[in-house]
>>> print(open('final-v3.txt').read())   # compact mmCIF, N, CA, C and O atoms
# COMPACT_ATOMS: atom_id res chain seq x y z
N MET I 1 0.85 -1.17 0.00
CA MET I 1 0.00 0.00 0.00
C MET I 1 0.89 1.24 0.00
O MET I 1 1.87 1.30 0.72
N ILE I 2 0.54 2.19 -0.81
CA ILE I 2 1.26 3.47 -0.85
C ILE I 2 0.29 4.55 -0.39
O ILE I 2 -0.83 4.64 -0.88
N LEU I 3 0.73 5.33 0.57
CA LEU I 3 -0.08 6.44 1.06
C LEU I 3 0.60 7.73 0.64
O LEU I 3 1.71 8.03 1.07
N ASP I 4 -0.04 8.46 -0.25
CA ASP I 4 0.48 9.73 -0.71
C ASP I 4 -0.37 10.80 -0.05
O ASP I 4 -1.53 10.98 -0.37
N SER I 5 0.22 11.49 0.90
CA SER I 5 -0.55 12.44 1.68
C SER I 5 0.35 13.57 2.13
O SER I 5 1.57 13.48 2.03
N LEU I 6 -0.25 14.62 2.64
CA LEU I 6 0.51 15.72 3.22
C LEU I 6 0.92 15.33 4.64
O LEU I 6 0.31 15.75 5.61
N ASN I 7 1.90 14.47 4.74
CA ASN I 7 2.37 13.98 6.03
C ASN I 7 3.41 14.94 6.59
O ASN I 7 4.48 14.55 7.00
N TYR I 8 3.07 16.22 6.62
CA TYR I 8 4.03 17.24 7.00
C TYR I 8 4.14 17.43 8.50
O TYR I 8 5.01 18.16 8.98
N ILE I 9 3.30 16.75 9.28
CA ILE I 9 3.37 16.85 10.73
C ILE I 9 3.87 15.52 11.27
O ILE I 9 3.32 14.46 10.95
N LYS I 10 4.92 15.56 12.10
CA LYS I 10 5.53 14.32 12.55
C LYS I 10 4.57 13.46 13.37
O LYS I 10 4.66 12.24 13.35
N GLY I 11 3.63 14.07 14.08
CA GLY I 11 2.66 13.31 14.84
C GLY I 11 1.79 12.43 13.96
O GLY I 11 1.44 11.30 14.32
N PHE I 12 1.45 12.92 12.76
CA PHE I 12 0.67 12.13 11.82
C PHE I 12 1.51 10.98 11.27
O PHE I 12 1.02 9.86 11.14
N ARG I 13 2.78 11.26 10.98
CA ARG I 13 3.67 10.18 10.51
C ARG I 13 3.83 9.12 11.59
O ARG I 13 3.90 7.93 11.29
N TYR I 14 3.86 9.53 12.85
CA TYR I 14 3.96 8.57 13.95
C TYR I 14 2.72 7.69 13.99
O TYR I 14 2.82 6.47 14.19
N GLN I 15 1.54 8.27 13.80
CA GLN I 15 0.31 7.48 13.78
C GLN I 15 0.34 6.45 12.66
O GLN I 15 -0.07 5.30 12.84
N LEU I 16 0.82 6.86 11.49
CA LEU I 16 0.93 5.92 10.37
C LEU I 16 1.91 4.80 10.69
O LEU I 16 1.67 3.63 10.36
N TYR I 17 3.02 5.13 11.35
CA TYR I 17 4.00 4.14 11.77
C TYR I 17 3.34 3.12 12.71
O TYR I 17 3.51 1.91 12.54
N CYS I 18 2.57 3.61 13.68
CA CYS I 18 1.90 2.72 14.64
C CYS I 18 0.90 1.81 13.93
O CYS I 18 0.81 0.61 14.25
N GLN I 19 0.17 2.35 12.96
CA GLN I 19 -0.80 1.54 12.21
C GLN I 19 -0.08 0.45 11.40
O GLN I 19 -0.53 -0.69 11.37
N ALA I 20 1.01 0.80 10.76
CA ALA I 20 1.77 -0.17 9.97
C ALA I 20 2.33 -1.25 10.89
O ALA I 20 2.29 -2.45 10.56
N ARG I 21 2.85 -0.85 12.03
CA ARG I 21 3.41 -1.82 12.98
C ARG I 21 2.31 -2.75 13.51
O ARG I 21 2.51 -3.96 13.61
N ALA I 22 1.14 -2.20 13.83
CA ALA I 22 0.03 -3.01 14.32
C ALA I 22 -0.43 -4.02 13.27
O ALA I 22 -0.89 -5.12 13.62
N ALA I 23 -0.29 -3.65 12.00
CA ALA I 23 -0.69 -4.55 10.91
C ALA I 23 0.48 -5.44 10.46
O ALA I 23 0.35 -6.17 9.48
N SER I 24 1.61 -5.37 11.16
CA SER I 24 2.81 -6.13 10.80
C SER I 24 3.21 -5.89 9.34
O SER I 24 3.57 -6.81 8.62
N THR I 25 3.11 -4.63 8.94
CA THR I 25 3.41 -4.22 7.57
C THR I 25 4.67 -3.35 7.56
O THR I 25 4.75 -2.40 8.32
N PRO I 26 5.64 -3.67 6.72
CA PRO I 26 6.82 -2.79 6.64
C PRO I 26 6.43 -1.41 6.09
O PRO I 26 5.44 -1.28 5.37
N HIS I 27 7.21 -0.43 6.43
CA HIS I 27 6.93 0.92 5.95
C HIS I 27 8.24 1.65 5.68
O HIS I 27 9.31 1.23 6.15
N LEU I 28 8.16 2.71 4.93
CA LEU I 28 9.27 3.63 4.76
C LEU I 28 8.71 4.99 4.43
O LEU I 28 7.56 5.13 4.04
N VAL I 29 9.53 6.01 4.62
CA VAL I 29 9.12 7.39 4.35
C VAL I 29 9.94 7.90 3.17
O VAL I 29 11.17 7.75 3.15
N VAL I 30 9.26 8.46 2.18
CA VAL I 30 9.92 9.10 1.04
C VAL I 30 9.67 10.60 1.17
O VAL I 30 8.53 11.03 1.22
N HIS I 31 10.74 11.35 1.25
CA HIS I 31 10.66 12.80 1.40
C HIS I 31 11.21 13.46 0.15
O HIS I 31 12.38 13.27 -0.20
N CYS I 32 10.37 14.21 -0.55
CA CYS I 32 10.80 14.94 -1.75
C CYS I 32 11.17 16.35 -1.33
O CYS I 32 10.29 17.17 -1.05
N GLU I 33 12.46 16.61 -1.25
CA GLU I 33 12.94 17.93 -0.83
C GLU I 33 12.94 18.88 -2.01
O GLU I 33 13.57 18.62 -3.02
N THR I 34 12.25 19.99 -1.85
CA THR I 34 12.15 21.00 -2.91
C THR I 34 12.16 22.38 -2.27
O THR I 34 11.54 22.58 -1.23
N LEU I 35 12.85 23.31 -2.88
CA LEU I 35 12.87 24.67 -2.36
C LEU I 35 11.48 25.29 -2.40
O LEU I 35 10.69 25.01 -3.30
N GLU I 36 11.19 26.15 -1.44
CA GLU I 36 9.87 26.78 -1.37
C GLU I 36 9.56 27.58 -2.64
O GLU I 36 8.42 27.58 -3.10
N GLU I 37 10.56 28.23 -3.22
CA GLU I 37 10.32 29.01 -4.44
C GLU I 37 9.84 28.11 -5.58
O GLU I 37 8.98 28.49 -6.38
N ILE I 38 10.43 26.92 -5.67
CA ILE I 38 10.04 25.97 -6.71
C ILE I 38 8.61 25.48 -6.46
O ILE I 38 7.80 25.39 -7.38
N CYS I 39 8.28 25.21 -5.20
CA CYS I 39 6.91 24.79 -4.85
C CYS I 39 5.90 25.87 -5.22
O CYS I 39 4.83 25.57 -5.76
N ARG I 40 6.25 27.12 -4.95
CA ARG I 40 5.35 28.22 -5.31
C ARG I 40 5.13 28.28 -6.82
O ARG I 40 4.01 28.47 -7.29
N ALA I 41 6.21 28.11 -7.59
CA ALA I 41 6.12 28.15 -9.05
C ALA I 41 5.26 26.99 -9.56
O ALA I 41 4.41 27.18 -10.43
N TRP I 42 5.48 25.78 -9.03
CA TRP I 42 4.67 24.63 -9.43
C TRP I 42 3.21 24.86 -9.08
O TRP I 42 2.32 24.51 -9.84
N ASN I 43 2.97 25.44 -7.91
CA ASN I 43 1.60 25.69 -7.46
C ASN I 43 0.88 26.65 -8.42
O ASN I 43 -0.30 26.47 -8.70
N ARG I 44 1.59 27.64 -8.93
CA ARG I 44 0.98 28.59 -9.87
C ARG I 44 0.65 27.92 -11.20
O ARG I 44 -0.29 28.32 -11.88
N LYS I 45 1.43 26.90 -11.59
CA LYS I 45 1.21 26.22 -12.87
C LYS I 45 0.07 25.20 -12.82
O LYS I 45 -0.47 24.86 -13.86
N LYS I 46 -0.27 24.72 -11.66
CA LYS I 46 -1.29 23.67 -11.54
C LYS I 46 -2.69 24.21 -11.80
O LYS I 46 -2.96 25.38 -11.57
N GLU I 47 -3.55 23.34 -12.24
CA GLU I 47 -4.95 23.74 -12.46
C GLU I 47 -5.65 24.02 -11.13
O GLU I 47 -6.42 24.95 -11.02
N ARG I 48 -5.41 23.18 -10.15
CA ARG I 48 -6.03 23.36 -8.83
C ARG I 48 -4.94 23.80 -7.87
O ARG I 48 -4.20 22.99 -7.33
N ILE I 49 -4.83 25.08 -7.63
CA ILE I 49 -3.74 25.59 -6.81
C ILE I 49 -4.20 25.82 -5.37
O ILE I 49 -5.38 25.99 -5.09
N TYR I 50 -3.22 25.79 -4.48
CA TYR I 50 -3.49 26.19 -3.10
C TYR I 50 -3.49 27.71 -3.06
O TYR I 50 -2.63 28.35 -3.68
N PRO I 51 -4.39 28.31 -2.32
CA PRO I 51 -4.30 29.77 -2.13
C PRO I 51 -2.96 30.10 -1.46
O PRO I 51 -2.42 29.30 -0.69
N ASP I 52 -2.42 31.28 -1.76
CA ASP I 52 -1.10 31.66 -1.24
C ASP I 52 -1.01 31.55 0.27
O ASP I 52 -0.01 31.03 0.79
N ASP I 53 -2.04 32.00 1.00
CA ASP I 53 -1.97 31.94 2.45
C ASP I 53 -1.96 30.50 2.96
O ASP I 53 -1.26 30.17 3.91
N GLN I 54 -2.68 29.62 2.28
CA GLN I 54 -2.70 28.21 2.68
C GLN I 54 -1.35 27.55 2.39
O GLN I 54 -0.85 26.76 3.21
N LEU I 55 -0.75 27.88 1.27
CA LEU I 55 0.56 27.32 0.93
C LEU I 55 1.61 27.80 1.94
O LEU I 55 2.44 27.02 2.41
N GLU I 56 1.57 29.08 2.30
CA GLU I 56 2.52 29.61 3.29
C GLU I 56 2.33 28.93 4.64
O GLU I 56 3.29 28.65 5.36
N ASP I 57 1.07 28.64 4.99
CA ASP I 57 0.79 27.93 6.24
C ASP I 57 1.40 26.53 6.22
O ASP I 57 1.96 26.07 7.22
N LEU I 58 1.32 25.86 5.06
CA LEU I 58 1.94 24.54 4.95
C LEU I 58 3.45 24.63 5.15
O LEU I 58 4.05 23.78 5.81
N PHE I 59 4.07 25.65 4.58
CA PHE I 59 5.52 25.82 4.76
C PHE I 59 5.87 26.03 6.23
O PHE I 59 6.85 25.47 6.73
N LEU I 60 5.07 26.84 6.92
CA LEU I 60 5.36 27.14 8.33
C LEU I 60 5.16 25.93 9.24
O LEU I 60 5.89 25.77 10.22
N ARG I 61 4.19 25.09 8.93
CA ARG I 61 3.86 23.96 9.79
C ARG I 61 4.67 22.70 9.47
O ARG I 61 4.64 21.73 10.23
N PHE I 62 5.39 22.71 8.35
CA PHE I 62 6.11 21.52 7.91
C PHE I 62 7.17 21.09 8.91
O PHE I 62 7.97 21.90 9.38
N GLU I 63 7.18 19.81 9.24
CA GLU I 63 8.20 19.22 10.11
C GLU I 63 8.90 18.14 9.29
O GLU I 63 8.33 17.08 9.04
N ALA I 64 10.12 18.43 8.87
CA ALA I 64 10.86 17.51 7.99
C ALA I 64 11.10 16.18 8.69
O ALA I 64 11.35 16.13 9.89
N PRO I 65 11.02 15.09 7.92
CA PRO I 65 11.33 13.78 8.50
C PRO I 65 12.78 13.71 8.96
O PRO I 65 13.66 14.37 8.39
N ASN I 66 13.01 12.91 9.97
CA ASN I 66 14.35 12.74 10.55
C ASN I 66 14.56 11.25 10.75
O ASN I 66 13.83 10.62 11.51
N ASN I 67 15.56 10.67 10.08
CA ASN I 67 15.76 9.23 10.18
C ASN I 67 16.20 8.77 11.57
O ASN I 67 16.30 7.58 11.83
N GLN I 68 16.46 9.71 12.49
CA GLN I 68 16.75 9.34 13.88
C GLN I 68 15.47 8.93 14.62
O GLN I 68 15.54 8.29 15.66
N ASN I 69 14.31 9.34 14.10
CA ASN I 69 13.02 8.94 14.68
C ASN I 69 12.61 7.60 14.09
O ASN I 69 12.67 7.41 12.87
N LYS I 70 12.19 6.68 14.94
CA LYS I 70 11.82 5.35 14.45
C LYS I 70 10.67 5.41 13.45
O LYS I 70 10.60 4.60 12.54
N TRP I 71 9.78 6.38 13.60
CA TRP I 71 8.63 6.47 12.69
C TRP I 71 9.00 7.09 11.35
O TRP I 71 8.22 7.04 10.42
N ASP I 72 10.17 7.70 11.24
CA ASP I 72 10.64 8.26 9.97
C ASP I 72 11.73 7.41 9.34
O ASP I 72 12.39 7.83 8.40
N SER I 73 11.94 6.22 9.86
CA SER I 73 13.02 5.37 9.38
C SER I 73 12.45 4.03 8.91
O SER I 73 11.60 3.47 9.61
N PRO I 74 12.85 3.53 7.78
CA PRO I 74 13.85 4.08 6.87
C PRO I 74 13.31 5.30 6.11
O PRO I 74 12.12 5.39 5.84
N LEU I 75 14.22 6.20 5.80
CA LEU I 75 13.89 7.45 5.14
C LEU I 75 14.65 7.56 3.82
O LEU I 75 15.87 7.38 3.79
N ILE I 76 13.93 7.81 2.76
CA ILE I 76 14.53 8.05 1.45
C ILE I 76 14.25 9.50 1.10
O ILE I 76 13.08 9.91 1.06
N SER I 77 15.29 10.28 0.88
CA SER I 77 15.12 11.69 0.50
C SER I 77 15.46 11.87 -0.96
O SER I 77 16.50 11.40 -1.43
N ILE I 78 14.57 12.52 -1.67
CA ILE I 78 14.77 12.82 -3.09
C ILE I 78 14.87 14.34 -3.19
O ILE I 78 13.96 15.06 -2.77
N ILE I 79 15.98 14.82 -3.71
CA ILE I 79 16.20 16.26 -3.82
C ILE I 79 15.84 16.70 -5.23
O ILE I 79 16.41 16.21 -6.21
N SER I 80 14.90 17.63 -5.33
CA SER I 80 14.46 18.13 -6.62
C SER I 80 15.26 19.36 -7.00
O SER I 80 15.46 20.25 -6.19
N ASP I 81 15.67 19.41 -8.26
CA ASP I 81 16.37 20.59 -8.76
C ASP I 81 15.40 21.58 -9.39
O ASP I 81 15.79 22.65 -9.82
N GLY I 82 14.13 21.20 -9.47
CA GLY I 82 13.11 22.08 -10.01
C GLY I 82 13.06 22.17 -11.52
O GLY I 82 12.31 22.95 -12.08
N LEU I 83 13.87 21.37 -12.21
CA LEU I 83 13.93 21.47 -13.67
C LEU I 83 12.77 20.76 -14.36
O LEU I 83 12.47 21.05 -15.51
N CYS I 84 12.13 19.84 -13.66
CA CYS I 84 11.00 19.16 -14.29
C CYS I 84 9.74 19.45 -13.48
O CYS I 84 9.80 19.69 -12.29
N ASP I 85 8.61 19.44 -14.15
CA ASP I 85 7.34 19.67 -13.48
C ASP I 85 6.99 18.47 -12.62
O ASP I 85 7.33 17.34 -12.96
N PRO I 86 6.24 18.72 -11.54
CA PRO I 86 5.85 17.60 -10.68
C PRO I 86 4.84 16.69 -11.37
O PRO I 86 4.18 17.06 -12.29
>>> encode(input="final-v3.txt", output="C-alpha cells")
Amino acid sequence: MILDSLNYIKGFRYQLYCQARAASTPHLVVHCETLEEICRAWNRKKERIYPDDQLEDLFLRFEAPNNQNKWDSPLISIISDGLCDP
C-alpha cells in the first residue's frame, strides 16, 4: 500500500507508523525535498492551486522527516532541482 498524503506533521507520521506496525506491515518514508520558491512556481502552474496563504501555512507547519526517529526510518530523501514539473 502506498499512502500519498501531506504527512508534513511528525505526529501524523507517527500514527501511520503505529498503524503499519500493528498490521505487521513494513513501511518507509519518502521525502521529496524541494525549495519553497520551486513549490510556489509549481503551485501557480497547476490547475487546482493552493491559495497563497494556505501554501505559506503549509511551509510554516512543515516538520521535515528525521531518520533518527523510528517512525521516519527508513527514510529516502529525493532532492528536486526544479527542472521538471511535478
>>> select_by_dssp(input="final-v3.txt", residues="range 11-55 of chain I", states="strand (DSSP E or B)", output="list in words")
Val29, Val30, His31, Cys32 and Glu33 of chain I
>>> atom_distance(input="final-v3.txt", atom1="atom N of Gln54 in chain I", atom2="atom C of Thr34 in chain I")
17.1 Å
>>> residues_around(input="final-v3.txt", residues="His27 in chain I", least_positions_apart="6", cutoff="9 Å", atoms="only C-alpha atoms", output="PDB file with N, CA, C and O atoms, in the frame of the given file")
ATOM      1  N   LEU I  16       0.820   6.860  11.490  1.00  0.00           N
ATOM      2  CA  LEU I  16       0.930   5.920  10.370  1.00  0.00           C
ATOM      3  C   LEU I  16       1.910   4.800  10.690  1.00  0.00           C
ATOM      4  O   LEU I  16       1.670   3.630  10.360  1.00  0.00           O
ATOM      5  N   TYR I  17       3.020   5.130  11.350  1.00  0.00           N
ATOM      6  CA  TYR I  17       4.000   4.140  11.770  1.00  0.00           C
ATOM      7  C   TYR I  17       3.340   3.120  12.710  1.00  0.00           C
ATOM      8  O   TYR I  17       3.510   1.910  12.540  1.00  0.00           O
ATOM      9  N   ALA I  20       1.010   0.800  10.760  1.00  0.00           N
ATOM     10  CA  ALA I  20       1.770  -0.170   9.970  1.00  0.00           C
ATOM     11  C   ALA I  20       2.330  -1.250  10.890  1.00  0.00           C
ATOM     12  O   ALA I  20       2.290  -2.450  10.560  1.00  0.00           O
ATOM     13  N   ARG I  21       2.850  -0.850  12.030  1.00  0.00           N
ATOM     14  CA  ARG I  21       3.410  -1.820  12.980  1.00  0.00           C
ATOM     15  C   ARG I  21       2.310  -2.750  13.510  1.00  0.00           C
ATOM     16  O   ARG I  21       2.510  -3.960  13.610  1.00  0.00           O
ATOM     17  N   TRP I  71       9.780   6.380  13.600  1.00  0.00           N
ATOM     18  CA  TRP I  71       8.630   6.470  12.690  1.00  0.00           C
ATOM     19  C   TRP I  71       9.000   7.090  11.350  1.00  0.00           C
ATOM     20  O   TRP I  71       8.220   7.040  10.420  1.00  0.00           O
ATOM     21  N   SER I  73      11.940   6.220   9.860  1.00  0.00           N
ATOM     22  CA  SER I  73      13.020   5.370   9.380  1.00  0.00           C
ATOM     23  C   SER I  73      12.450   4.030   8.910  1.00  0.00           C
ATOM     24  O   SER I  73      11.600   3.470   9.610  1.00  0.00           O
ATOM     25  N   PRO I  74      12.850   3.530   7.780  1.00  0.00           N
ATOM     26  CA  PRO I  74      13.850   4.080   6.870  1.00  0.00           C
ATOM     27  C   PRO I  74      13.310   5.300   6.110  1.00  0.00           C
ATOM     28  O   PRO I  74      12.120   5.390   5.840  1.00  0.00           O
TER      29      PRO I  74
END
>>> atom_distance(input="final-v3.txt", atom1="atom N of Met1 in chain I", atom2="atom O of Asp57 in chain I")
28.2 Å
>>> atom_distance(input="final-v3.txt", atom1="atom C of Tyr8 in chain I", atom2="atom N of Asn66 in chain I")
10.1 Å
>>> closest_residue(input="final-v3.txt", among="I:Cys39, I:Leu60, I:Val30, I:Ile79", to="Ser5 in chain I", atoms="all atoms listed in the file")
I:Val30
>>> select_by_dssp(input="final-v3.txt", residues="chain I", states="alpha helix (DSSP H)", output="count of residues only")
33
>>> closest_residue(input="final-v3.txt", among="I:Ile76, I:Cys18, I:Ile9, I:Leu3", to="Arg61 in chain I", atoms="only N, CA, C and O atoms")
I:Ile9
>>> axis_aligned_box(input="final-v3.txt", around="range 15-30 of chain I", padding_each_side="3 Å", output="lines of an AutoDock Vina configuration file")
center_x = 5.1
center_y = 2.1
center_z = 7.8
size_x = 18.1
size_y = 23.8
size_z = 19.6
>>> closest_residue(input="final-v3.txt", among="I:Ile38, I:Arg13, I:Asn7, I:Ile2", to="Lys70 in chain I", atoms="all atoms listed in the file")
I:Arg13
>>> closest_residue(input="final-v3.txt", among="I:Arg40, I:Lys10, I:Glu63, I:Val29", to="Leu75 in chain I", atoms="only N, CA, C and O atoms")
I:Val29
>>> residues_near_point(input="final-v3.txt", point="(11.3, 26.0, -0.3)", cutoff="12 Å", atoms="only C-alpha atoms", output="short mmCIF file (atom, residue, chain, number, x, y, z; two decimals) with N, CA, C and O atoms, in the frame of the given file")
data_model
loop_
_atom_site.label_atom_id
_atom_site.label_comp_id
_atom_site.auth_asym_id
_atom_site.auth_seq_id
_atom_site.Cartn_x
_atom_site.Cartn_y
_atom_site.Cartn_z
N CYS I 32 10.37 14.21 -0.55
CA CYS I 32 10.80 14.94 -1.75
C CYS I 32 11.17 16.35 -1.33
O CYS I 32 10.29 17.17 -1.05
N GLU I 33 12.46 16.61 -1.25
CA GLU I 33 12.94 17.93 -0.83
C GLU I 33 12.94 18.88 -2.01
O GLU I 33 13.57 18.62 -3.02
N THR I 34 12.25 19.99 -1.85
CA THR I 34 12.15 21.00 -2.91
C THR I 34 12.16 22.38 -2.27
O THR I 34 11.54 22.58 -1.23
N LEU I 35 12.85 23.31 -2.88
CA LEU I 35 12.87 24.67 -2.36
C LEU I 35 11.48 25.29 -2.40
O LEU I 35 10.69 25.01 -3.30
N GLU I 36 11.19 26.15 -1.44
CA GLU I 36 9.87 26.78 -1.37
C GLU I 36 9.56 27.58 -2.64
O GLU I 36 8.42 27.58 -3.10
N GLU I 37 10.56 28.23 -3.22
CA GLU I 37 10.32 29.01 -4.44
C GLU I 37 9.84 28.11 -5.58
O GLU I 37 8.98 28.49 -6.38
N ILE I 38 10.43 26.92 -5.67
CA ILE I 38 10.04 25.97 -6.71
C ILE I 38 8.61 25.48 -6.46
O ILE I 38 7.80 25.39 -7.38
N CYS I 39 8.28 25.21 -5.20
CA CYS I 39 6.91 24.79 -4.85
C CYS I 39 5.90 25.87 -5.22
O CYS I 39 4.83 25.57 -5.76
N ARG I 40 6.25 27.12 -4.95
CA ARG I 40 5.35 28.22 -5.31
C ARG I 40 5.13 28.28 -6.82
O ARG I 40 4.01 28.47 -7.29
N ALA I 41 6.21 28.11 -7.59
CA ALA I 41 6.12 28.15 -9.05
C ALA I 41 5.26 26.99 -9.56
O ALA I 41 4.41 27.18 -10.43
N TRP I 42 5.48 25.78 -9.03
CA TRP I 42 4.67 24.63 -9.43
C TRP I 42 3.21 24.86 -9.08
O TRP I 42 2.32 24.51 -9.84
N LEU I 55 -0.75 27.88 1.27
CA LEU I 55 0.56 27.32 0.93
C LEU I 55 1.61 27.80 1.94
O LEU I 55 2.44 27.02 2.41
N GLU I 56 1.57 29.08 2.30
CA GLU I 56 2.52 29.61 3.29
C GLU I 56 2.33 28.93 4.64
O GLU I 56 3.29 28.65 5.36
N LEU I 58 1.32 25.86 5.06
CA LEU I 58 1.94 24.54 4.95
C LEU I 58 3.45 24.63 5.15
O LEU I 58 4.05 23.78 5.81
N PHE I 59 4.07 25.65 4.58
CA PHE I 59 5.52 25.82 4.76
C PHE I 59 5.87 26.03 6.23
O PHE I 59 6.85 25.47 6.73
N LEU I 60 5.07 26.84 6.92
CA LEU I 60 5.36 27.14 8.33
C LEU I 60 5.16 25.93 9.24
O LEU I 60 5.89 25.77 10.22
N PHE I 62 5.39 22.71 8.35
CA PHE I 62 6.11 21.52 7.91
C PHE I 62 7.17 21.09 8.91
O PHE I 62 7.97 21.90 9.38
N ALA I 64 10.12 18.43 8.87
CA ALA I 64 10.86 17.51 7.99
C ALA I 64 11.10 16.18 8.69
O ALA I 64 11.35 16.13 9.89
N ILE I 79 15.98 14.82 -3.71
CA ILE I 79 16.20 16.26 -3.82
C ILE I 79 15.84 16.70 -5.23
O ILE I 79 16.41 16.21 -6.21
N SER I 80 14.90 17.63 -5.33
CA SER I 80 14.46 18.13 -6.62
C SER I 80 15.26 19.36 -7.00
O SER I 80 15.46 20.25 -6.19
N ASP I 81 15.67 19.41 -8.26
CA ASP I 81 16.37 20.59 -8.76
C ASP I 81 15.40 21.58 -9.39
O ASP I 81 15.79 22.65 -9.82
N GLY I 82 14.13 21.20 -9.47
CA GLY I 82 13.11 22.08 -10.01
C GLY I 82 13.06 22.17 -11.52
O GLY I 82 12.31 22.95 -12.08
#
>>> build_atoms(input="final-v3.txt", residues="range 54-61 of chain I", atoms="all heavy atoms", output="PDB file, in the coordinates of the input")
ATOM      1  N   GLN I  54      -2.680  29.620   2.280  1.00  0.00           N
ATOM      2  CA  GLN I  54      -2.700  28.210   2.680  1.00  0.00           C
ATOM      3  C   GLN I  54      -1.350  27.550   2.390  1.00  0.00           C
ATOM      4  O   GLN I  54      -0.850  26.760   3.210  1.00  0.00           O
ATOM      5  CB  GLN I  54      -3.820  27.493   1.928  1.00  0.00           C
ATOM      6  CG  GLN I  54      -4.182  26.163   2.504  1.00  0.00           C
ATOM      7  CD  GLN I  54      -5.398  25.588   1.807  1.00  0.00           C
ATOM      8  OE1 GLN I  54      -5.542  25.692   0.582  1.00  0.00           O
ATOM      9  NE2 GLN I  54      -6.274  24.985   2.574  1.00  0.00           N
ATOM     10  N   LEU I  55      -0.750  27.880   1.270  1.00  0.00           N
ATOM     11  CA  LEU I  55       0.560  27.320   0.930  1.00  0.00           C
ATOM     12  C   LEU I  55       1.610  27.800   1.940  1.00  0.00           C
ATOM     13  O   LEU I  55       2.440  27.020   2.410  1.00  0.00           O
ATOM     14  CB  LEU I  55       0.960  27.723  -0.490  1.00  0.00           C
ATOM     15  CG  LEU I  55       2.223  27.077  -1.032  1.00  0.00           C
ATOM     16  CD1 LEU I  55       2.070  25.570  -1.138  1.00  0.00           C
ATOM     17  CD2 LEU I  55       2.573  27.659  -2.385  1.00  0.00           C
ATOM     18  N   GLU I  56       1.570  29.080   2.300  1.00  0.00           N
ATOM     19  CA  GLU I  56       2.520  29.610   3.290  1.00  0.00           C
ATOM     20  C   GLU I  56       2.330  28.930   4.640  1.00  0.00           C
ATOM     21  O   GLU I  56       3.290  28.650   5.360  1.00  0.00           O
ATOM     22  CB  GLU I  56       2.383  31.119   3.418  1.00  0.00           C
ATOM     23  CG  GLU I  56       2.793  31.888   2.170  1.00  0.00           C
ATOM     24  CD  GLU I  56       4.203  31.583   1.687  1.00  0.00           C
ATOM     25  OE1 GLU I  56       5.123  31.501   2.523  1.00  0.00           O
ATOM     26  OE2 GLU I  56       4.382  31.415   0.467  1.00  0.00           O
ATOM     27  N   ASP I  57       1.070  28.640   4.990  1.00  0.00           N
ATOM     28  CA  ASP I  57       0.790  27.930   6.240  1.00  0.00           C
ATOM     29  C   ASP I  57       1.400  26.530   6.220  1.00  0.00           C
ATOM     30  O   ASP I  57       1.960  26.070   7.220  1.00  0.00           O
ATOM     31  CB  ASP I  57      -0.718  27.858   6.481  1.00  0.00           C
ATOM     32  CG  ASP I  57      -1.066  27.272   7.826  1.00  0.00           C
ATOM     33  OD1 ASP I  57      -0.435  27.686   8.834  1.00  0.00           O
ATOM     34  OD2 ASP I  57      -1.966  26.407   7.899  1.00  0.00           O
ATOM     35  N   LEU I  58       1.320  25.860   5.060  1.00  0.00           N
ATOM     36  CA  LEU I  58       1.940  24.540   4.950  1.00  0.00           C
ATOM     37  C   LEU I  58       3.450  24.630   5.150  1.00  0.00           C
ATOM     38  O   LEU I  58       4.050  23.780   5.810  1.00  0.00           O
ATOM     39  CB  LEU I  58       1.625  23.930   3.576  1.00  0.00           C
ATOM     40  CG  LEU I  58       0.213  23.425   3.361  1.00  0.00           C
ATOM     41  CD1 LEU I  58      -0.012  23.064   1.894  1.00  0.00           C
ATOM     42  CD2 LEU I  58      -0.078  22.238   4.250  1.00  0.00           C
ATOM     43  N   PHE I  59       4.070  25.650   4.580  1.00  0.00           N
ATOM     44  CA  PHE I  59       5.520  25.820   4.760  1.00  0.00           C
ATOM     45  C   PHE I  59       5.870  26.030   6.230  1.00  0.00           C
ATOM     46  O   PHE I  59       6.850  25.470   6.730  1.00  0.00           O
ATOM     47  CB  PHE I  59       6.041  27.012   3.953  1.00  0.00           C
ATOM     48  CG  PHE I  59       6.028  26.815   2.454  1.00  0.00           C
ATOM     49  CD1 PHE I  59       5.751  27.883   1.614  1.00  0.00           C
ATOM     50  CD2 PHE I  59       6.290  25.593   1.883  1.00  0.00           C
ATOM     51  CE1 PHE I  59       5.744  27.719   0.240  1.00  0.00           C
ATOM     52  CE2 PHE I  59       6.286  25.414   0.517  1.00  0.00           C
ATOM     53  CZ  PHE I  59       6.009  26.485  -0.313  1.00  0.00           C
ATOM     54  N   LEU I  60       5.070  26.840   6.920  1.00  0.00           N
ATOM     55  CA  LEU I  60       5.360  27.140   8.330  1.00  0.00           C
ATOM     56  C   LEU I  60       5.160  25.930   9.240  1.00  0.00           C
ATOM     57  O   LEU I  60       5.890  25.770  10.220  1.00  0.00           O
ATOM     58  CB  LEU I  60       4.466  28.285   8.818  1.00  0.00           C
ATOM     59  CG  LEU I  60       4.767  29.660   8.244  1.00  0.00           C
ATOM     60  CD1 LEU I  60       3.714  30.671   8.683  1.00  0.00           C
ATOM     61  CD2 LEU I  60       6.154  30.123   8.673  1.00  0.00           C
ATOM     62  N   ARG I  61       4.190  25.090   8.930  1.00  0.00           N
ATOM     63  CA  ARG I  61       3.860  23.960   9.790  1.00  0.00           C
ATOM     64  C   ARG I  61       4.670  22.700   9.470  1.00  0.00           C
ATOM     65  O   ARG I  61       4.640  21.730  10.230  1.00  0.00           O
ATOM     66  CB  ARG I  61       2.376  23.642   9.683  1.00  0.00           C
ATOM     67  CG  ARG I  61       1.516  24.786  10.213  1.00  0.00           C
ATOM     68  CD  ARG I  61       0.059  24.463  10.183  1.00  0.00           C
ATOM     69  NE  ARG I  61      -0.205  23.316  11.040  1.00  0.00           N
ATOM     70  CZ  ARG I  61      -1.311  22.594  10.979  1.00  0.00           C
ATOM     71  NH1 ARG I  61      -2.248  22.891  10.118  1.00  0.00           N
ATOM     72  NH2 ARG I  61      -1.488  21.567  11.780  1.00  0.00           N
TER      73      ARG I  61
END
